[in-house]
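> One structure coming up, written as structure tokens, with questions to follow.
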Amino acid sequence: MKLRFAPSPTGYLHVGNARQAVANFLFARRHGGKFLLRIDDTDVARSKPEYEDAIRKDLAWLGLDWDEEARQSSRMERYAAAIDKLKASGRLYPCFETEYELNAKREMRIRAGKAPIYDRAMLKLTPDQRARAEANGKTPHWRFKLTDGSRKWQDLVMDDCSVKLTAISDPVLIRADGTILYTLASVVDDLEMGITHIVRGEDHVTNTGVQIDIAEALGAKPDRFTFAHLPLLLDSDGGKLSKRFDALGLKSLRQDGIEPMSIVSYLARVGTSDDPEVMTMEEAIAAYEISHVSKSAARFDMRQLLALNRKALHNLPFSVAKEHLPAEATEEFWNAVRGNVDLTAEIPHWWDVTQGTIVPPSQPEDREFLKQALETLPAEPWGEDTWKDWTTALKEKSGRKGKTLFMPLRLALTGEDNGPELHVLLGLMGHARTVSRLQDAIGA
């Protein structure tokens with residue numbers, strides 16, 4: 001078994017194509033197969049090295065390691081050989097229509113109540129007509145002649161699939177400028193690289209029918225590939241997620257503090273009946289069943305992803321969390337704050353609370369109470385009972401208890417109305433910082 005993830009380096013990875021990467025990787029590893037990273041960079045105008053580097057970085061960050069790597073731009077001679085074979089068999093034919101002429105033809109067919117597919121007029125071109133066109137400076141694009149009938153396959157997700165080829169225009173495989181299109185390059189690569197299973201989005205279903213036809217024209221046996229088409233991802237309201245992909249890029253999620261295994265765990269379960277849960281990579285591989293993926297469109301719910309991330313961080317041991325923490329941070333600090341961290345991007349705030357500076361909010365109605373708090377604050381050295389001794393003395397002096405006692409202290413010492421236990425934070429902040437915070441709150 002061998003699967004591939006074949007991104008085009010024309011942009012950054014987002015949760016949509018990351019889902020396909022996760023599915024291919026987990027499926028391959030689950031069944032002891034190989035996983036290939038193929039950079040589909042035939043779109044020279046839009047492909048950029050920085051996007052290619054970002055793809056590798058994002059996949060490595062997710063923990064998706066690959067056994068082999070290839071890039072289409074280094075395989076042009078293989079595509080040329082396939083083109084020669086298709087031309088010799090008569091399946092690839094030249095077309096000289098301009099885009100303007102093709103648009104006019106489509107409009108005429110629509111007005112006549114016909115399907116707007118290519119009419120194959122160029123198949124009737126005589127050698128003399130072709131020679132005259134080329135003599136007049138016209139350069140053809142090349143179309144693949146589809147067979148009549150339908151292409152059928154048993155899909156691992158969609159079950160029985162069928163594409164009626166007579167309802168599709170013969171696809172352009174080579175542009176007039178000589179550019180090889182994905183439709184051909186992908187088939188050649190999948191055949192020659194030994195790909196057995198192709199897992200991709202359901203927007204490729206029609207394309208799959210066409211590519212099966214091309215593969216057989218190149219000599220492949222029927223059922224050469226096993227396909228699985230994943231339903232589209234929608235947002236939580238049922239709208240197209242593609243409109244929000246910029247906000248859901250892996251780069252943005254990483255910067256926001258989402259843990260990679262939270263993303264892998266969520267994408268492995270989205271669109272299935274299995275409840276999302278935080279898993280290790282080994283657990284995700286062992287549990288992955290592509291047959292559990294529903295045929296219906298899946299909804300990407302950021303709230304669920306955040307809930308998984310919250311759980312992942314709350315259970316993260318200090319030895320693993322250290323890479324997210326300031327160099328001076330101790331295990332005591334992490335154990336104190338991790339229950340209140342939903343994103344790693346929030347960690348610096350709690351470091352400032354315990355070791356840095358904050359601006360406490362104004363509490364004019366509690367100024368006298370905070371003065372009493374400062375007056376009753378125990379002197380150093382502090383110990384485990386400092387918080388209890390302080391609040392007991394403050395309760396007796398002020399007559400306050402419960403929320404009216406603790407909330408002004410929390411606001412003055414942390415600037416927040418909720419957070420980690422104050423008796424733990426107090427020890428981390430120390431006497432001098434606590435005095436300074438109370439003085440600032442009184443004068444605010």
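Residue numbering restarts at 1 for every chain of the structure tokens, chains are lettered A, B, ... in their displayed order, and ligands are numbered from 1 as they appear.
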Region 119-226 of chain A: which residues are alpha helix (DSSP H) by DSSP, as a PyMOL selection string?
chain A and resi 127-135+182-192+205-217
> Just list as a list in words whatever in region 191-272 of chain A DSSP marks as strand (DSSP E).
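Across region 191-272 of chain A, those assigned strand (DSSP E) are His197, Ile198, Val199, Arg200, Gly201, Thr226, Phe227, Ala228, His229, Leu230, Leu233 and Leu234 of chain A.
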> Now that the selection is made, can you save its residues with N, CA and C atoms as a tab-separated table (two decimals), in the first residue's frame?

chain	number	residue	atom	x	y	z
A	197	HIS	N	-3.64	3.78	-3.29
A	197	HIS	CA	-4.86	4.37	-2.74
A	197	HIS	C	-4.79	5.89	-2.87
A	198	ILE	N	-5.86	6.48	-3.37
A	198	ILE	CA	-5.92	7.94	-3.54
A	198	ILE	C	-7.06	8.47	-2.67
A	199	VAL	N	-6.68	9.22	-1.64
A	199	VAL	CA	-7.64	9.80	-0.71
A	199	VAL	C	-7.64	11.30	-0.91
A	200	ARG	N	-8.77	11.87	-1.31
A	200	ARG	CA	-8.84	13.30	-1.57
A	200	ARG	C	-10.28	13.78	-1.40
A	201	GLY	N	-10.53	15.06	-1.67
A	201	GLY	CA	-11.84	15.65	-1.44
A	201	GLY	C	-12.87	15.23	-2.48
A	226	THR	N	-7.42	2.42	-5.76
A	226	THR	CA	-8.55	2.43	-4.82
A	226	THR	C	-8.75	3.87	-4.39
A	227	PHE	N	-10.00	4.35	-4.47
A	227	PHE	CA	-10.28	5.76	-4.18
A	227	PHE	C	-11.11	5.92	-2.90
A	228	ALA	N	-10.87	7.06	-2.25
A	228	ALA	CA	-11.70	7.48	-1.11
A	228	ALA	C	-11.86	8.99	-1.22
A	229	HIS	N	-13.09	9.44	-1.33
A	229	HIS	CA	-13.36	10.88	-1.48
A	229	HIS	C	-14.00	11.41	-0.20
A	230	LEU	N	-13.29	12.31	0.46
A	230	LEU	CA	-13.77	12.87	1.72
A	230	LEU	C	-14.75	14.00	1.44
A	233	LEU	N	-15.65	20.17	3.88
A	233	LEU	CA	-15.75	20.75	5.22
A	233	LEU	C	-16.59	22.02	5.14
A	234	LEU	N	-17.55	22.13	6.05
A	234	LEU	CA	-18.36	23.34	6.17
A	234	LEU	C	-18.02	24.01	7.49
> Find the residue from A:Gly239, A:Ser89, A:Leu267, A:Leu173 that sits nearest to Ala18 (chain A); use only C-alpha atoms when measuring.
A:Leu267
> Just checking: using only C-alpha atoms, which residue out of A:Glu328, A:Glu107, A:Asp190, A:Asp53 ends up closest to Gln355 (chain A)?
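The closest residue to Gln355 (chain A) is A:Glu328.
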> Return the single residue from A:Glu99, A:Asp128, A:Asp389, A:Asp223 that is closest to Ala176 (chain A), with distances computed using only C-alpha atoms.
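With only C-alpha atoms as the atom set, the closest residue is A:Glu99.
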> Select, from A:Gly209, A:Gly178, A:Pro231, A:Pro127, the residue with the minimum atom-to-atom distance to Arg151 (chain A), counting only C-alpha atoms.
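For Arg151 (chain A), the nearest of the given residues is A:Gly209.
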> How many Å lie between CA of Lys145 (chain A) and CA of Arg91 (chain A), rounded to one decimal?
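One can read the CA of Lys145 (chain A) to CA of Arg91 (chain A) distance as 5.0 Å.
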> Of the residues A:Leu343, A:Ala441, A:Ile212, A:Leu37, which is the one nearest to Gly257 (chain A), using only C-alpha atoms?
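Nearest to Gly257 (chain A): A:Leu343.
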> Which residue out of A:Tyr12, A:Asn418, A:Ile290, A:Tyr93 has the minimum interatomic distance to Lys403 (chain A) when only C-alpha atoms are used?
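When distances to Lys403 (chain A) are compared using only C-alpha atoms, the smallest one comes from A:Asn418.
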> Rounded to one decimal in Å, what is the spacing between CA of Arg4 (chain A) and CA of Ser169 (chain A)?
27.5 Å
> Between CA of Glu289 (chain A) and CA of Ser252 (chain A), what is the spacing in Å?
28.6 Å
> Would you pick out the contacts of Leu64 (chain A) at 12 Å or less, using only C-alpha atoms, so that residues sharing its chain but fewer than 5 positions from it are not included, and give the list as a JSON list (two decimals) with all heavy atoms, in the first residue's frame?

[["chain", "number", "residue", "atom", "x", "y", "z"],
["A", 4, "ARG", "N", -0.35, 9.12, -1.08],
["A", 4, "ARG", "CA", 0.39, 10.36, -1.28],
["A", 4, "ARG", "C", -0.44, 11.57, -0.88],
["A", 4, "ARG", "O", -1.66, 11.56, -0.93],
["A", 4, "ARG", "CB", 0.82, 10.49, -2.74],
["A", 4, "ARG", "CG", -0.24, 10.21, -3.81],
["A", 4, "ARG", "CD", -1.22, 11.30, -4.04],
["A", 4, "ARG", "NE", -1.96, 11.18, -5.30],
["A", 4, "ARG", "CZ", -2.95, 11.98, -5.65],
["A", 4, "ARG", "NH1", -3.37, 12.92, -4.83],
["A", 4, "ARG", "NH2", -3.57, 11.83, -6.82],
["A", 5, "PHE", "N", 0.28, 12.58, -0.44],
["A", 5, "PHE", "CA", -0.32, 13.90, -0.25],
["A", 5, "PHE", "C", 0.40, 14.80, -1.25],
["A", 5, "PHE", "O", 1.63, 14.87, -1.25],
["A", 5, "PHE", "CB", -0.11, 14.40, 1.18],
["A", 5, "PHE", "CG", -0.63, 15.80, 1.40],
["A", 5, "PHE", "CD1", -1.95, 16.12, 1.13],
["A", 5, "PHE", "CD2", 0.21, 16.80, 1.90],
["A", 5, "PHE", "CE1", -2.42, 17.42, 1.33],
["A", 5, "PHE", "CE2", -0.26, 18.08, 2.11],
["A", 5, "PHE", "CZ", -1.58, 18.39, 1.83],
["A", 18, "ALA", "N", -5.12, 20.10, 5.11],
["A", 18, "ALA", "CA", -4.49, 19.37, 6.22],
["A", 18, "ALA", "C", -5.29, 18.13, 6.56],
["A", 18, "ALA", "O", -4.73, 17.09, 6.92],
["A", 18, "ALA", "CB", -4.37, 20.27, 7.45],
["A", 19, "ARG", "N", -6.62, 18.22, 6.42],
["A", 19, "ARG", "CA", -7.46, 17.04, 6.66],
["A", 19, "ARG", "C", -7.10, 15.91, 5.70],
["A", 19, "ARG", "O", -7.05, 14.74, 6.09],
["A", 19, "ARG", "CB", -8.93, 17.42, 6.50],
["A", 19, "ARG", "CG", -9.89, 16.27, 6.79],
["A", 19, "ARG", "CD", -11.26, 16.58, 6.26],
["A", 19, "ARG", "NE", -12.24, 15.59, 6.66],
["A", 19, "ARG", "CZ", -13.40, 15.41, 6.06],
["A", 19, "ARG", "NH1", -13.74, 16.20, 5.04],
["A", 19, "ARG", "NH2", -14.25, 14.48, 6.46],
["A", 20, "GLN", "N", -6.84, 16.26, 4.44],
["A", 20, "GLN", "CA", -6.46, 15.23, 3.47],
["A", 20, "GLN", "C", -5.09, 14.65, 3.80],
["A", 20, "GLN", "O", -4.87, 13.45, 3.67],
["A", 20, "GLN", "CB", -6.46, 15.83, 2.07],
["A", 20, "GLN", "CG", -7.84, 16.26, 1.59],
["A", 20, "GLN", "CD", -7.80, 16.88, 0.21],
["A", 20, "GLN", "OE1", -6.96, 16.52, -0.60],
["A", 20, "GLN", "NE2", -8.68, 17.84, -0.04],
["A", 21, "ALA", "N", -4.17, 15.50, 4.24],
["A", 21, "ALA", "CA", -2.85, 15.02, 4.63],
["A", 21, "ALA", "C", -2.95, 14.05, 5.80],
["A", 21, "ALA", "O", -2.33, 12.98, 5.81],
["A", 21, "ALA", "CB", -1.94, 16.20, 4.98],
["A", 22, "VAL", "N", -3.74, 14.43, 6.80],
["A", 22, "VAL", "CA", -3.93, 13.59, 7.98],
["A", 22, "VAL", "C", -4.56, 12.25, 7.59],
["A", 22, "VAL", "O", -4.12, 11.18, 8.04],
["A", 22, "VAL", "CB", -4.80, 14.31, 9.03],
["A", 22, "VAL", "CG1", -5.26, 13.36, 10.12],
["A", 22, "VAL", "CG2", -4.02, 15.47, 9.64],
["A", 23, "ALA", "N", -5.59, 12.29, 6.74],
["A", 23, "ALA", "CA", -6.28, 11.07, 6.32],
["A", 23, "ALA", "C", -5.32, 10.13, 5.59],
["A", 23, "ALA", "O", -5.28, 8.92, 5.86],
["A", 23, "ALA", "CB", -7.48, 11.41, 5.44],
["A", 24, "ASN", "N", -4.55, 10.67, 4.65],
["A", 24, "ASN", "CA", -3.60, 9.83, 3.90],
["A", 24, "ASN", "C", -2.53, 9.25, 4.81],
["A", 24, "ASN", "O", -2.18, 8.07, 4.71],
["A", 24, "ASN", "CB", -2.96, 10.65, 2.78],
["A", 24, "ASN", "CG", -3.81, 10.72, 1.54],
["A", 24, "ASN", "OD1", -3.84, 9.80, 0.73],
["A", 24, "ASN", "ND2", -4.53, 11.83, 1.37],
["A", 25, "PHE", "N", -2.01, 10.08, 5.70],
["A", 25, "PHE", "CA", -0.95, 9.63, 6.60],
["A", 25, "PHE", "C", -1.45, 8.54, 7.55],
["A", 25, "PHE", "O", -0.83, 7.47, 7.67],
["A", 25, "PHE", "CB", -0.40, 10.81, 7.40],
["A", 25, "PHE", "CG", 0.60, 10.42, 8.45],
["A", 25, "PHE", "CD1", 1.93, 10.21, 8.12],
["A", 25, "PHE", "CD2", 0.20, 10.25, 9.77],
["A", 25, "PHE", "CE1", 2.85, 9.84, 9.09],
["A", 25, "PHE", "CE2", 1.13, 9.88, 10.75],
["A", 25, "PHE", "CZ", 2.45, 9.67, 10.40],
["A", 26, "LEU", "N", -2.56, 8.79, 8.22],
["A", 26, "LEU", "CA", -3.08, 7.83, 9.19],
["A", 26, "LEU", "C", -3.49, 6.53, 8.52],
["A", 26, "LEU", "O", -3.24, 5.43, 9.05],
["A", 26, "LEU", "CB", -4.27, 8.43, 9.95],
["A", 26, "LEU", "CG", -3.98, 9.63, 10.85],
["A", 26, "LEU", "CD1", -5.25, 10.09, 11.54],
["A", 26, "LEU", "CD2", -2.90, 9.30, 11.89],
["A", 27, "PHE", "N", -4.12, 6.63, 7.33],
["A", 27, "PHE", "CA", -4.54, 5.44, 6.61],
["A", 27, "PHE", "C", -3.31, 4.60, 6.22],
["A", 27, "PHE", "O", -3.31, 3.36, 6.38],
["A", 27, "PHE", "CB", -5.33, 5.84, 5.37],
["A", 27, "PHE", "CG", -6.02, 4.69, 4.69],
["A", 27, "PHE", "CD1", -7.30, 4.30, 5.04],
["A", 27, "PHE", "CD2", -5.38, 4.00, 3.67],
["A", 27, "PHE", "CE1", -7.93, 3.24, 4.41],
["A", 27, "PHE", "CE2", -6.00, 2.95, 3.02],
["A", 27, "PHE", "CZ", -7.29, 2.57, 3.39],
["A", 28, "ALA", "N", -2.28, 5.25, 5.71],
["A", 28, "ALA", "CA", -1.07, 4.53, 5.31],
["A", 28, "ALA", "C", -0.41, 3.85, 6.52],
["A", 28, "ALA", "O", -0.07, 2.66, 6.47],
["A", 28, "ALA", "CB", -0.09, 5.48, 4.64],
["A", 29, "ARG", "N", -0.23, 4.61, 7.59],
["A", 29, "ARG", "CA", 0.43, 4.06, 8.77],
["A", 29, "ARG", "C", -0.42, 2.97, 9.43],
["A", 29, "ARG", "O", 0.12, 1.98, 9.94],
["A", 29, "ARG", "CB", 0.72, 5.17, 9.78],
["A", 29, "ARG", "CG", 1.75, 6.20, 9.28],
["A", 29, "ARG", "CD", 3.13, 5.59, 9.20],
["A", 29, "ARG", "NE", 4.14, 6.57, 8.79],
["A", 29, "ARG", "CZ", 4.69, 6.62, 7.60],
["A", 29, "ARG", "NH1", 4.33, 5.74, 6.67],
["A", 29, "ARG", "NH2", 5.61, 7.52, 7.31],
["A", 34, "LYS", "N", 3.25, 2.98, 2.78],
["A", 34, "LYS", "CA", 4.16, 4.11, 2.66],
["A", 34, "LYS", "C", 3.39, 5.39, 2.39],
["A", 34, "LYS", "O", 2.30, 5.37, 1.83],
["A", 34, "LYS", "CB", 5.17, 3.86, 1.54],
["A", 34, "LYS", "CG", 6.17, 2.76, 1.85],
["A", 34, "LYS", "CD", 7.23, 2.65, 0.76],
["A", 34, "LYS", "CE", 8.27, 1.60, 1.11],
["A", 34, "LYS", "NZ", 9.31, 1.49, 0.05],
["A", 35, "PHE", "N", 4.00, 6.51, 2.80],
["A", 35, "PHE", "CA", 3.38, 7.83, 2.65],
["A", 35, "PHE", "C", 4.34, 8.72, 1.87],
["A", 35, "PHE", "O", 5.48, 8.94, 2.29],
["A", 35, "PHE", "CB", 3.07, 8.41, 4.02],
["A", 35, "PHE", "CG", 2.45, 9.78, 3.97],
["A", 35, "PHE", "CD1", 1.26, 10.01, 3.31],
["A", 35, "PHE", "CD2", 3.06, 10.86, 4.60],
["A", 35, "PHE", "CE1", 0.68, 11.27, 3.28],
["A", 35, "PHE", "CE2", 2.49, 12.12, 4.59],
["A", 35, "PHE", "CZ", 1.30, 12.32, 3.91],
["A", 36, "LEU", "N", 3.87, 9.21, 0.73],
["A", 36, "LEU", "CA", 4.68, 10.04, -0.16],
["A", 36, "LEU", "C", 4.22, 11.49, -0.10],
["A", 36, "LEU", "O", 3.02, 11.76, -0.15],
["A", 36, "LEU", "CB", 4.55, 9.51, -1.60],
["A", 36, "LEU", "CG", 4.99, 10.43, -2.74],
["A", 36, "LEU", "CD1", 6.51, 10.54, -2.78],
["A", 36, "LEU", "CD2", 4.46, 9.93, -4.08],
["A", 37, "LEU", "N", 5.18, 12.40, -0.01],
["A", 37, "LEU", "CA", 4.90, 13.83, -0.18],
["A", 37, "LEU", "C", 5.33, 14.19, -1.59],
["A", 37, "LEU", "O", 6.50, 14.07, -1.94],
["A", 37, "LEU", "CB", 5.67, 14.67, 0.84],
["A", 37, "LEU", "CG", 5.63, 16.19, 0.60],
["A", 37, "LEU", "CD1", 4.19, 16.72, 0.69],
["A", 37, "LEU", "CD2", 6.53, 16.92, 1.58],
["A", 55, "ILE", "N", 4.95, 24.26, 3.54],
["A", 55, "ILE", "CA", 4.24, 22.97, 3.52],
["A", 55, "ILE", "C", 5.02, 21.93, 4.31],
["A", 55, "ILE", "O", 4.47, 21.22, 5.16],
["A", 55, "ILE", "CB", 4.02, 22.50, 2.07],
["A", 55, "ILE", "CG1", 2.94, 23.36, 1.39],
["A", 55, "ILE", "CG2", 3.63, 21.03, 2.03],
["A", 55, "ILE", "CD1", 2.82, 23.14, -0.10],
["A", 56, "ARG", "N", 6.31, 21.84, 4.05],
["A", 56, "ARG", "CA", 7.14, 20.87, 4.79],
["A", 56, "ARG", "C", 7.15, 21.19, 6.28],
["A", 56, "ARG", "O", 7.07, 20.29, 7.12],
["A", 56, "ARG", "CB", 8.57, 20.89, 4.24],
["A", 56, "ARG", "CG", 8.69, 20.37, 2.82],
["A", 56, "ARG", "CD", 10.17, 20.16, 2.47],
["A", 56, "ARG", "NE", 10.34, 19.79, 1.07],
["A", 56, "ARG", "CZ", 10.52, 20.65, 0.09],
["A", 56, "ARG", "NH1", 10.57, 21.95, 0.35],
["A", 56, "ARG", "NH2", 10.66, 20.24, -1.17],
["A", 57, "LYS", "N", 7.26, 22.46, 6.61],
["A", 57, "LYS", "CA", 7.29, 22.87, 8.02],
["A", 57, "LYS", "C", 5.99, 22.51, 8.72],
["A", 57, "LYS", "O", 5.99, 21.99, 9.85],
["A", 57, "LYS", "CB", 7.55, 24.37, 8.12],
["A", 57, "LYS", "CG", 7.61, 24.90, 9.54],
["A", 57, "LYS", "CD", 7.90, 26.40, 9.56],
["A", 57, "LYS", "CE", 7.93, 26.93, 10.99],
["A", 57, "LYS", "NZ", 8.22, 28.39, 11.03],
["A", 58, "ASP", "N", 4.86, 22.78, 8.06],
["A", 58, "ASP", "CA", 3.56, 22.50, 8.67],
["A", 58, "ASP", "C", 3.34, 21.00, 8.86],
["A", 58, "ASP", "O", 2.83, 20.57, 9.90],
["A", 58, "ASP", "CB", 2.44, 23.08, 7.81],
["A", 58, "ASP", "CG", 2.31, 24.59, 7.93],
["A", 58, "ASP", "OD1", 2.82, 25.13, 8.94],
["A", 58, "ASP", "OD2", 1.73, 25.22, 7.04],
["A", 59, "LEU", "N", 3.71, 20.20, 7.86],
["A", 59, "LEU", "CA", 3.53, 18.75, 7.98],
["A", 59, "LEU", "C", 4.41, 18.19, 9.10],
["A", 59, "LEU", "O", 3.98, 17.33, 9.89],
["A", 59, "LEU", "CB", 3.86, 18.06, 6.66],
["A", 59, "LEU", "CG", 2.90, 18.33, 5.50],
["A", 59, "LEU", "CD1", 3.40, 17.61, 4.24],
["A", 59, "LEU", "CD2", 1.49, 17.88, 5.83],
["A", 260, "PRO", "N", -0.35, 20.81, 17.88],
["A", 260, "PRO", "CA", -0.49, 20.02, 16.65],
["A", 260, "PRO", "C", -1.33, 18.76, 16.82],
["A", 260, "PRO", "O", -2.13, 18.42, 15.94],
["A", 260, "PRO", "CB", 0.96, 19.68, 16.28],
["A", 260, "PRO", "CG", 1.77, 19.92, 17.51],
["A", 260, "PRO", "CD", 1.06, 21.00, 18.25],
["A", 261, "MET", "N", -1.20, 18.07, 17.95],
["A", 261, "MET", "CA", -1.99, 16.84, 18.11],
["A", 261, "MET", "C", -3.46, 17.14, 18.36],
["A", 261, "MET", "O", -4.31, 16.27, 18.14],
["A", 261, "MET", "CB", -1.42, 15.97, 19.23],
["A", 261, "MET", "CG", -0.29, 15.05, 18.78],
["A", 261, "MET", "SD", -0.61, 14.15, 17.22],
["A", 261, "MET", "CE", -2.07, 13.18, 17.65],
["A", 263, "ILE", "N", -5.01, 19.35, 16.53],
["A", 263, "ILE", "CA", -5.48, 19.45, 15.15],
["A", 263, "ILE", "C", -5.58, 18.07, 14.52],
["A", 263, "ILE", "O", -6.59, 17.72, 13.90],
["A", 263, "ILE", "CB", -4.53, 20.34, 14.33],
["A", 263, "ILE", "CG1", -4.55, 21.77, 14.89],
["A", 263, "ILE", "CG2", -4.91, 20.34, 12.86],
["A", 263, "ILE", "CD1", -3.55, 22.70, 14.23],
["A", 264, "VAL", "N", -4.53, 17.25, 14.67],
["A", 264, "VAL", "CA", -4.55, 15.90, 14.09],
["A", 264, "VAL", "C", -5.70, 15.09, 14.68],
["A", 264, "VAL", "O", -6.44, 14.42, 13.95],
["A", 264, "VAL", "CB", -3.20, 15.19, 14.33],
["A", 264, "VAL", "CG1", -3.28, 13.72, 13.91],
["A", 264, "VAL", "CG2", -2.08, 15.89, 13.58],
["A", 281, "MET", "N", -0.11, 10.38, 18.56],
["A", 281, "MET", "CA", -0.06, 9.96, 17.16],
["A", 281, "MET", "C", -0.24, 8.44, 17.06],
["A", 281, "MET", "O", -0.93, 7.96, 16.14],
["A", 281, "MET", "CB", 1.26, 10.39, 16.53],
["A", 281, "MET", "CG", 1.33, 10.13, 15.03],
["A", 281, "MET", "SD", 0.06, 11.05, 14.12],
["A", 281, "MET", "CE", 0.81, 12.68, 14.08],
["A", 282, "GLU", "N", 0.35, 7.71, 17.98],
["A", 282, "GLU", "CA", 0.20, 6.25, 17.94],
["A", 282, "GLU", "C", -1.25, 5.85, 18.12],
["A", 282, "GLU", "O", -1.74, 4.92, 17.45],
["A", 282, "GLU", "CB", 1.06, 5.61, 19.04],
["A", 282, "GLU", "CG", 2.57, 5.73, 18.83],
["A", 282, "GLU", "CD", 3.09, 7.14, 19.07],
["A", 282, "GLU", "OE1", 2.39, 7.93, 19.76],
["A", 282, "GLU", "OE2", 4.19, 7.46, 18.57],
["A", 284, "ALA", "N", -3.89, 7.74, 17.41],
["A", 284, "ALA", "CA", -4.64, 8.18, 16.23],
["A", 284, "ALA", "C", -4.47, 7.19, 15.08],
["A", 284, "ALA", "O", -5.43, 6.88, 14.35],
["A", 284, "ALA", "CB", -4.18, 9.57, 15.80],
["A", 285, "ILE", "N", -3.26, 6.68, 14.90],
["A", 285, "ILE", "CA", -3.00, 5.70, 13.83],
["A", 285, "ILE", "C", -3.78, 4.42, 14.09],
["A", 285, "ILE", "O", -4.44, 3.87, 13.20],
["A", 285, "ILE", "CB", -1.49, 5.41, 13.73],
["A", 285, "ILE", "CG1", -0.75, 6.64, 13.19],
["A", 285, "ILE", "CG2", -1.23, 4.20, 12.85],
["A", 285, "ILE", "CD1", 0.76, 6.54, 13.28]]
> If we count only C-alpha atoms and set the cut-off at 10 Å, which residues sit around Glu50 (chain A), ignoring sequence neighbours fewer than 6 positions away in its own chain? Please answer as an NGL selection string.
:A and (9-12)
